[in-house]
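Reproduced below: protein_23.cif, with mmCIF, C-alpha atoms.
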```
data_model
loop_
_atom_site.label_atom_id
_atom_site.label_comp_id
_atom_site.auth_asym_id
_atom_site.auth_seq_id
_atom_site.Cartn_x
_atom_site.Cartn_y
_atom_site.Cartn_z
CA MET A 1 20.14 9.65 -37.14
CA TYR A 2 21.90 8.99 -33.81
CA ASP A 3 25.26 9.89 -35.39
CA ARG A 4 26.86 10.96 -32.12
CA ILE A 5 25.89 7.67 -30.44
CA GLN A 6 27.33 5.68 -33.33
CA ALA A 7 30.54 7.70 -33.15
CA ALA A 8 30.88 6.92 -29.42
CA PHE A 9 31.40 3.24 -30.25
CA ALA A 10 33.31 3.71 -33.50
CA GLN A 11 36.79 4.07 -31.97
CA GLY A 12 36.76 0.92 -29.85
CA LYS A 13 35.24 -0.03 -26.51
CA ALA A 14 33.19 2.73 -24.90
CA PHE A 15 33.19 3.90 -21.30
CA ILE A 16 29.83 5.35 -20.24
CA PRO A 17 29.54 7.11 -16.87
CA PHE A 18 26.28 8.16 -15.21
CA LEU A 19 25.48 10.85 -12.69
CA THR A 20 22.33 12.30 -11.14
CA CYS A 21 21.75 15.90 -12.23
CA GLY A 22 21.63 18.36 -9.33
CA ASP A 23 23.47 16.26 -6.75
CA PRO A 24 24.84 18.19 -4.96
CA ASP A 25 23.90 21.06 -7.31
CA LEU A 26 23.69 21.81 -11.01
CA GLU A 27 26.96 23.77 -11.12
CA THR A 28 28.82 20.74 -9.78
CA THR A 29 26.98 18.50 -12.24
CA ALA A 30 28.13 20.69 -15.13
CA ALA A 31 31.74 20.71 -13.92
CA THR A 32 31.68 16.93 -13.44
CA VAL A 33 30.26 16.26 -16.91
CA ARG A 34 33.01 18.40 -18.40
CA ALA A 35 35.62 16.52 -16.35
CA MET A 36 34.18 13.20 -17.56
CA ALA A 37 34.31 14.31 -21.20
CA ALA A 38 37.86 15.64 -20.81
CA ASN A 39 39.03 12.33 -19.31
CA GLY A 40 37.75 9.99 -21.98
CA ALA A 41 34.04 9.36 -21.40
CA ASP A 42 32.59 8.26 -24.75
CA LEU A 43 28.92 8.84 -23.86
CA ILE A 44 27.44 10.30 -20.66
CA GLU A 45 24.16 9.34 -19.03
CA LEU A 46 22.38 12.15 -17.18
CA GLY A 47 19.82 11.17 -14.57
CA ILE A 48 16.78 13.43 -14.32
CA PRO A 49 15.76 13.26 -10.64
CA PHE A 50 12.54 11.40 -9.87
CA SER A 51 10.91 10.67 -6.52
CA ASP A 52 10.43 6.92 -7.07
CA PRO A 53 13.35 5.58 -9.15
CA THR A 54 12.36 1.93 -9.00
CA ALA A 55 15.40 0.49 -10.83
CA GLU A 56 17.86 2.22 -8.54
CA GLY A 57 19.58 0.98 -5.42
CA PRO A 58 20.01 3.12 -2.27
CA VAL A 59 22.98 5.13 -3.59
CA ILE A 60 21.17 6.57 -6.62
CA GLN A 61 17.82 6.76 -4.81
CA GLU A 62 19.42 9.02 -2.21
CA ALA A 63 21.02 11.15 -4.92
CA ASN A 64 17.61 11.62 -6.55
CA LEU A 65 16.12 12.73 -3.24
CA ARG A 66 18.99 15.14 -2.52
CA ALA A 67 18.57 16.72 -5.96
CA LEU A 68 14.79 17.04 -5.54
CA ARG A 69 15.20 18.55 -2.08
CA GLY A 70 17.54 21.05 -3.71
CA GLY A 71 14.70 22.09 -6.03
CA VAL A 72 16.03 20.65 -9.29
CA THR A 73 13.42 20.56 -12.06
CA THR A 74 13.31 18.97 -15.49
CA ASP A 75 13.47 22.42 -17.10
CA GLN A 76 16.65 23.15 -15.16
CA VAL A 77 18.16 19.90 -16.43
CA PHE A 78 17.33 20.92 -20.01
CA ALA A 79 19.01 24.28 -19.36
CA LEU A 80 22.04 22.41 -17.99
CA VAL A 81 22.34 20.39 -21.21
CA GLN A 82 22.00 23.53 -23.30
CA ASP A 83 24.91 25.04 -21.38
CA LEU A 84 27.01 21.86 -21.66
CA ARG A 85 26.51 21.78 -25.42
CA ARG A 86 28.56 24.97 -25.73
CA ASP A 87 31.67 22.80 -25.43
CA VAL A 88 30.75 19.13 -24.69
CA THR A 89 30.56 17.12 -27.92
CA VAL A 90 30.16 13.55 -26.60
CA PRO A 91 26.65 12.03 -26.77
CA LEU A 92 24.40 12.87 -23.84
CA VAL A 93 21.62 10.46 -22.94
CA PHE A 94 18.92 10.95 -20.32
CA MET A 95 18.13 8.18 -17.89
CA THR A 96 14.86 8.79 -16.10
CA TYR A 97 11.36 7.39 -15.61
CA ALA A 98 8.25 7.36 -17.75
CA ASN A 99 6.31 9.58 -15.37
CA VAL A 100 8.83 12.39 -15.85
CA VAL A 101 8.11 12.36 -19.59
CA PHE A 102 4.33 11.94 -19.13
CA THR A 103 4.21 14.87 -16.72
CA TYR A 104 6.17 17.13 -19.06
CA GLY A 105 4.24 15.93 -22.13
CA ALA A 106 6.02 13.56 -24.52
CA GLU A 107 5.93 15.86 -27.56
CA ALA A 108 7.22 18.84 -25.60
CA PHE A 109 9.83 16.73 -23.81
CA PHE A 110 11.39 15.25 -26.93
CA ALA A 111 11.18 18.51 -28.85
CA ARG A 112 13.18 20.08 -26.02
CA CYS A 113 15.66 17.17 -26.13
CA GLN A 114 16.22 17.89 -29.80
CA SER A 115 16.64 21.62 -29.27
CA VAL A 116 19.26 21.30 -26.51
CA GLY A 117 21.17 18.35 -27.97
CA VAL A 118 20.09 15.22 -26.07
CA ASP A 119 20.88 12.14 -28.16
CA GLY A 120 18.84 9.44 -26.46
CA ILE A 121 16.77 8.37 -23.48
CA ILE A 122 16.66 5.29 -21.24
CA LEU A 123 13.42 4.63 -19.33
CA PRO A 124 13.97 1.60 -17.06
CA ASP A 125 10.30 1.37 -16.07
CA LEU A 126 8.96 1.46 -19.64
CA PRO A 127 8.04 -2.11 -20.67
CA TYR A 128 9.28 -2.98 -24.14
CA GLU A 129 5.70 -3.72 -25.17
CA GLU A 130 4.64 -0.17 -24.28
CA LYS A 131 7.47 1.75 -25.94
CA GLY A 132 5.08 2.79 -28.72
CA GLU A 133 3.71 5.45 -26.39
CA PHE A 134 6.94 7.41 -26.83
CA GLN A 135 8.49 6.03 -30.00
CA ALA A 136 6.84 8.32 -32.55
CA ALA A 137 7.79 11.48 -30.64
CA CYS A 138 11.34 10.17 -30.14
CA ARG A 139 11.82 9.44 -33.82
CA LYS A 140 10.25 12.73 -34.89
CA HIS A 141 12.84 14.59 -32.82
CA GLY A 142 15.85 12.33 -33.47
CA VAL A 143 16.09 10.96 -29.93
CA ALA A 144 17.08 7.29 -29.62
CA LEU A 145 14.74 5.33 -27.34
CA ILE A 146 17.36 2.99 -25.90
CA SER A 147 16.18 -0.48 -24.92
CA MET A 148 17.34 -2.45 -21.90
CA ILE A 149 17.84 -6.21 -21.92
CA ALA A 150 17.96 -8.01 -18.57
CA PRO A 151 18.73 -11.59 -17.51
CA THR A 152 14.95 -12.02 -17.17
CA SER A 153 14.26 -10.93 -20.79
CA ALA A 154 14.68 -14.57 -21.95
CA GLY A 155 12.53 -15.18 -25.04
CA ARG A 156 12.19 -11.45 -25.75
CA ILE A 157 15.91 -10.78 -26.25
CA ALA A 158 15.89 -11.35 -30.02
CA LYS A 159 12.86 -9.15 -30.62
CA ILE A 160 14.14 -6.32 -28.41
CA ALA A 161 17.51 -6.46 -30.17
CA ARG A 162 15.97 -6.41 -33.67
CA GLU A 163 13.98 -3.26 -32.91
CA ALA A 164 16.63 -1.44 -30.85
CA GLU A 165 17.85 2.10 -31.51
CA GLY A 166 21.10 3.87 -30.64
CA PHE A 167 22.67 1.14 -28.53
CA LEU A 168 21.51 -1.67 -26.28
CA TYR A 169 21.83 -1.49 -22.50
CA LEU A 170 22.48 -4.98 -21.14
CA VAL A 171 21.68 -5.24 -17.43
CA SER A 172 24.40 -7.39 -15.86
CA SER A 173 22.50 -8.77 -12.89
CA LEU A 174 19.10 -9.22 -11.31
CA GLY A 175 17.99 -6.48 -8.93
CA VAL A 176 18.59 -2.75 -8.76
CA THR A 177 21.64 -0.64 -9.54
CA GLY A 178 24.54 -0.77 -7.11
CA VAL A 179 28.13 -1.89 -6.73
CA ARG A 180 28.60 -5.68 -6.80
CA GLN A 181 31.58 -7.77 -5.75
CA ALA A 182 31.09 -10.15 -8.66
CA ILE A 183 28.89 -10.41 -11.76
CA THR A 184 27.87 -14.04 -12.28
CA THR A 185 25.20 -13.80 -15.00
CA ASP A 186 25.95 -15.75 -18.20
CA LEU A 187 26.27 -12.57 -20.22
CA ALA A 188 28.04 -14.29 -23.10
CA ALA A 189 24.92 -16.34 -23.87
CA ILE A 190 22.72 -13.23 -23.85
CA LEU A 191 25.20 -11.36 -26.03
CA GLN A 192 25.22 -14.21 -28.55
CA VAL A 193 21.47 -13.79 -29.08
CA ILE A 194 21.88 -10.01 -29.31
CA ARG A 195 24.66 -10.34 -31.92
CA GLU A 196 22.51 -12.67 -34.00
CA ASN A 197 19.75 -10.07 -34.21
CA THR A 198 21.39 -6.63 -34.44
CA ASP A 199 24.60 -4.87 -35.43
CA LEU A 200 24.00 -2.13 -32.86
CA PRO A 201 26.58 -1.79 -30.09
CA CYS A 202 25.76 -3.22 -26.68
CA ALA A 203 27.07 -1.85 -23.37
CA ILE A 204 26.83 -3.60 -20.01
CA GLY A 205 25.71 -1.79 -16.85
CA PHE A 206 24.58 -2.42 -13.24
CA GLY A 207 27.19 -3.44 -10.67
CA ILE A 208 30.40 -2.34 -12.41
CA SER A 209 32.74 -0.29 -10.22
CA THR A 210 36.36 -1.46 -10.57
CA PRO A 211 38.80 -1.35 -13.49
CA ASP A 212 38.94 -5.16 -13.48
CA GLN A 213 35.16 -5.43 -13.82
CA ALA A 214 35.14 -2.79 -16.57
CA ARG A 215 37.88 -4.67 -18.43
CA GLN A 216 35.95 -7.95 -18.19
CA MET A 217 32.68 -6.39 -19.38
CA ALA A 218 34.38 -4.59 -22.28
CA ALA A 219 35.99 -7.87 -23.36
CA LEU A 220 32.47 -9.30 -23.71
CA ALA A 221 30.51 -6.32 -25.04
CA ASP A 222 31.08 -2.96 -26.76
CA GLY A 223 31.28 -0.90 -23.60
CA ALA A 224 30.80 -0.60 -19.85
CA ILE A 225 28.39 1.64 -17.94
CA VAL A 226 29.10 2.84 -14.39
CA GLY A 227 26.65 4.73 -12.18
CA SER A 228 26.55 3.97 -8.46
CA ALA A 229 30.34 4.12 -7.98
CA ILE A 230 30.36 7.63 -9.46
CA VAL A 231 27.29 8.76 -7.53
CA LYS A 232 29.03 7.59 -4.34
CA LYS A 233 31.97 9.83 -5.19
CA MET A 234 29.60 12.76 -5.77
CA ALA A 235 28.08 12.18 -2.31
CA ALA A 236 31.48 11.85 -0.64
CA HIS A 237 33.21 14.83 -2.27
CA GLY A 238 30.32 17.22 -2.96
CA ARG A 239 31.47 20.32 -4.80
CA GLY A 240 34.99 18.92 -4.86
CA ALA A 241 33.90 15.86 -6.84
CA PRO A 242 34.75 16.87 -10.44
CA ALA A 243 38.50 16.29 -10.14
CA ASP A 244 38.08 12.96 -8.34
CA VAL A 245 35.44 11.74 -10.80
CA GLY A 246 37.58 12.87 -13.73
CA ALA A 247 40.52 10.79 -12.47
CA TYR A 248 38.22 7.79 -11.95
CA VAL A 249 36.80 8.10 -15.49
CA LYS A 250 40.33 8.26 -16.90
CA ALA A 251 41.29 5.02 -15.10
CA MET A 252 38.09 3.24 -16.11
CA LYS A 253 38.41 4.31 -19.73
CA ALA A 254 41.93 2.91 -19.79
CA ALA A 255 40.65 -0.37 -18.35
CA VAL A 256 37.84 -0.59 -20.91
CA GLY A 257 40.41 -0.12 -23.67
CA GLN A 258 42.38 -3.06 -22.29
CA GLY A 259 39.23 -5.18 -22.62
CA ALA A 260 39.35 -4.82 -26.40
CA PRO A 261 40.47 -7.75 -28.54
CA GLN A 262 44.10 -7.65 -29.68
CA GLY A 263 44.68 -4.91 -32.22
CA LYS A 264 41.64 -2.83 -31.35
CA ALA A 265 41.39 0.32 -29.29
#
```

Rewritten as structure tokens:
Amino acid sequence: MYDRIQAAFAQGKAFIPFLTCGDPDLETTAATVRAMAANGADLIELGIPFSDPTAEGPVIQEANLRALRGGVTTDQVFALVQDLRRDVTVPLVFMTYANVVFTYGAEAFFARCQSVGVDGIILPDLPYEEKGEFQAACRKHGVALISMIAPTSAGRIAKIAREAEGFLYLVSSLGVTGVRQAITTDLAAILQVIRENTDLPCAIGFGISTPDQARQMAALADGAIVGSAIVKKMAAHGRGAPADVGAYVKAMKAAVGQGAPQGKA
């Protein structure tokens, strides 16, 4: 189970880009995902638009609203993934909110994930203690319910790590998503606890935007996740974004590779 996710981390440090589906439109989303995959993305996070994305900063909030104003629905996002799976082989993971799954119906949602080829899901507003509401349906349909660990997780880090699936998403900083000038959290201490409790890969997200930051995060963990910097490019370039985002992914993937210990990819 979760073979594609495991493969994403098997060749060295992983670069994981995120984008909001339907911003500016689904055709551009599809072209951008293909450009990401062609330029070295190891795993791609797809945001299903939601009206109240509480973990997101202004950049991704605005992208959600633009997509919703454009009429994007969850069914359309599933159809997008089905189309992408004609030629995109990297793991695809949804990032959305619990209400999206509740509204659709958990069984129906995860059955559809399985049928179109979604490998996992991240639900930032789902407390670890309440993951049981979705876990059975996820496991039944082979969808990894990916856990997040934040600087505030403190005494829960070990337990979350022991029960994790797919990979762990380590939140770099307090607050919402968004580009940061510097990441000052003692991530090494958190990673030590994670390593003591699981062999699953761990990728760091929130605040990463530059090759230097990606290199530093990859030196600590198994991969780096970038969202807001890419969503900004989507907003700036619109339908012309795929080429620009592809070039950015290529540069970031190269930087992540340089964050690997000597002798590793």

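Among the candidates A:Ala7, A:Leu84, A:Ile194, A:Ile157, the one nearest to Asp42 (chain A) when counting only C-alpha atoms is A:Ala7.
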
For this structure, which residues satisfy the selection - the PyMOL selection byres ((chain A and resi 12-18) around 6) - when it is evaluated on the file as given? I want them as a PyMOL selection string. chain A and resi 9-11+19+41-46+222-227+253+257+265

I would like the residues chosen by the PyMOL selection byres ((chain A and resi 113-123) around 10) on the shown file; could you give them as a PyMOL selection string? chain A and resi 1-5+43+45-47+55+78-85+89-101+107-112+124-128+131+138+140-148+165-169

Check what the PyMOL selection byres ((chain A and resi 31) around 10) selects in the file above and give those residues as a PDB file with C-alpha atoms, in the frame of the given file.
```pdb
ATOM      1  CA  LEU A  26      23.690  21.810 -11.010  1.00  0.00           C
ATOM      2  CA  GLU A  27      26.960  23.770 -11.120  1.00  0.00           C
ATOM      3  CA  THR A  28      28.820  20.740  -9.780  1.00  0.00           C
ATOM      4  CA  THR A  29      26.980  18.500 -12.240  1.00  0.00           C
ATOM      5  CA  ALA A  30      28.130  20.690 -15.130  1.00  0.00           C
ATOM      6  CA  THR A  32      31.680  16.930 -13.440  1.00  0.00           C
ATOM      7  CA  VAL A  33      30.260  16.260 -16.910  1.00  0.00           C
ATOM      8  CA  ARG A  34      33.010  18.400 -18.400  1.00  0.00           C
ATOM      9  CA  ALA A  35      35.620  16.520 -16.350  1.00  0.00           C
ATOM     10  CA  MET A  36      34.180  13.200 -17.560  1.00  0.00           C
ATOM     11  CA  LEU A  84      27.010  21.860 -21.660  1.00  0.00           C
ATOM     12  CA  ARG A 239      31.470  20.320  -4.800  1.00  0.00           C
ATOM     13  CA  GLY A 240      34.990  18.920  -4.860  1.00  0.00           C
ATOM     14  CA  ALA A 241      33.900  15.860  -6.840  1.00  0.00           C
ATOM     15  CA  PRO A 242      34.750  16.870 -10.440  1.00  0.00           C
ATOM     16  CA  ALA A 243      38.500  16.290 -10.140  1.00  0.00           C
ATOM     17  CA  GLY A 246      37.580  12.870 -13.730  1.00  0.00           C
TER      18      GLY A 246
END
```

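From CA of Leu220 (chain A) back to CA of Met234 (chain A), the distance works out to 28.6 Å.
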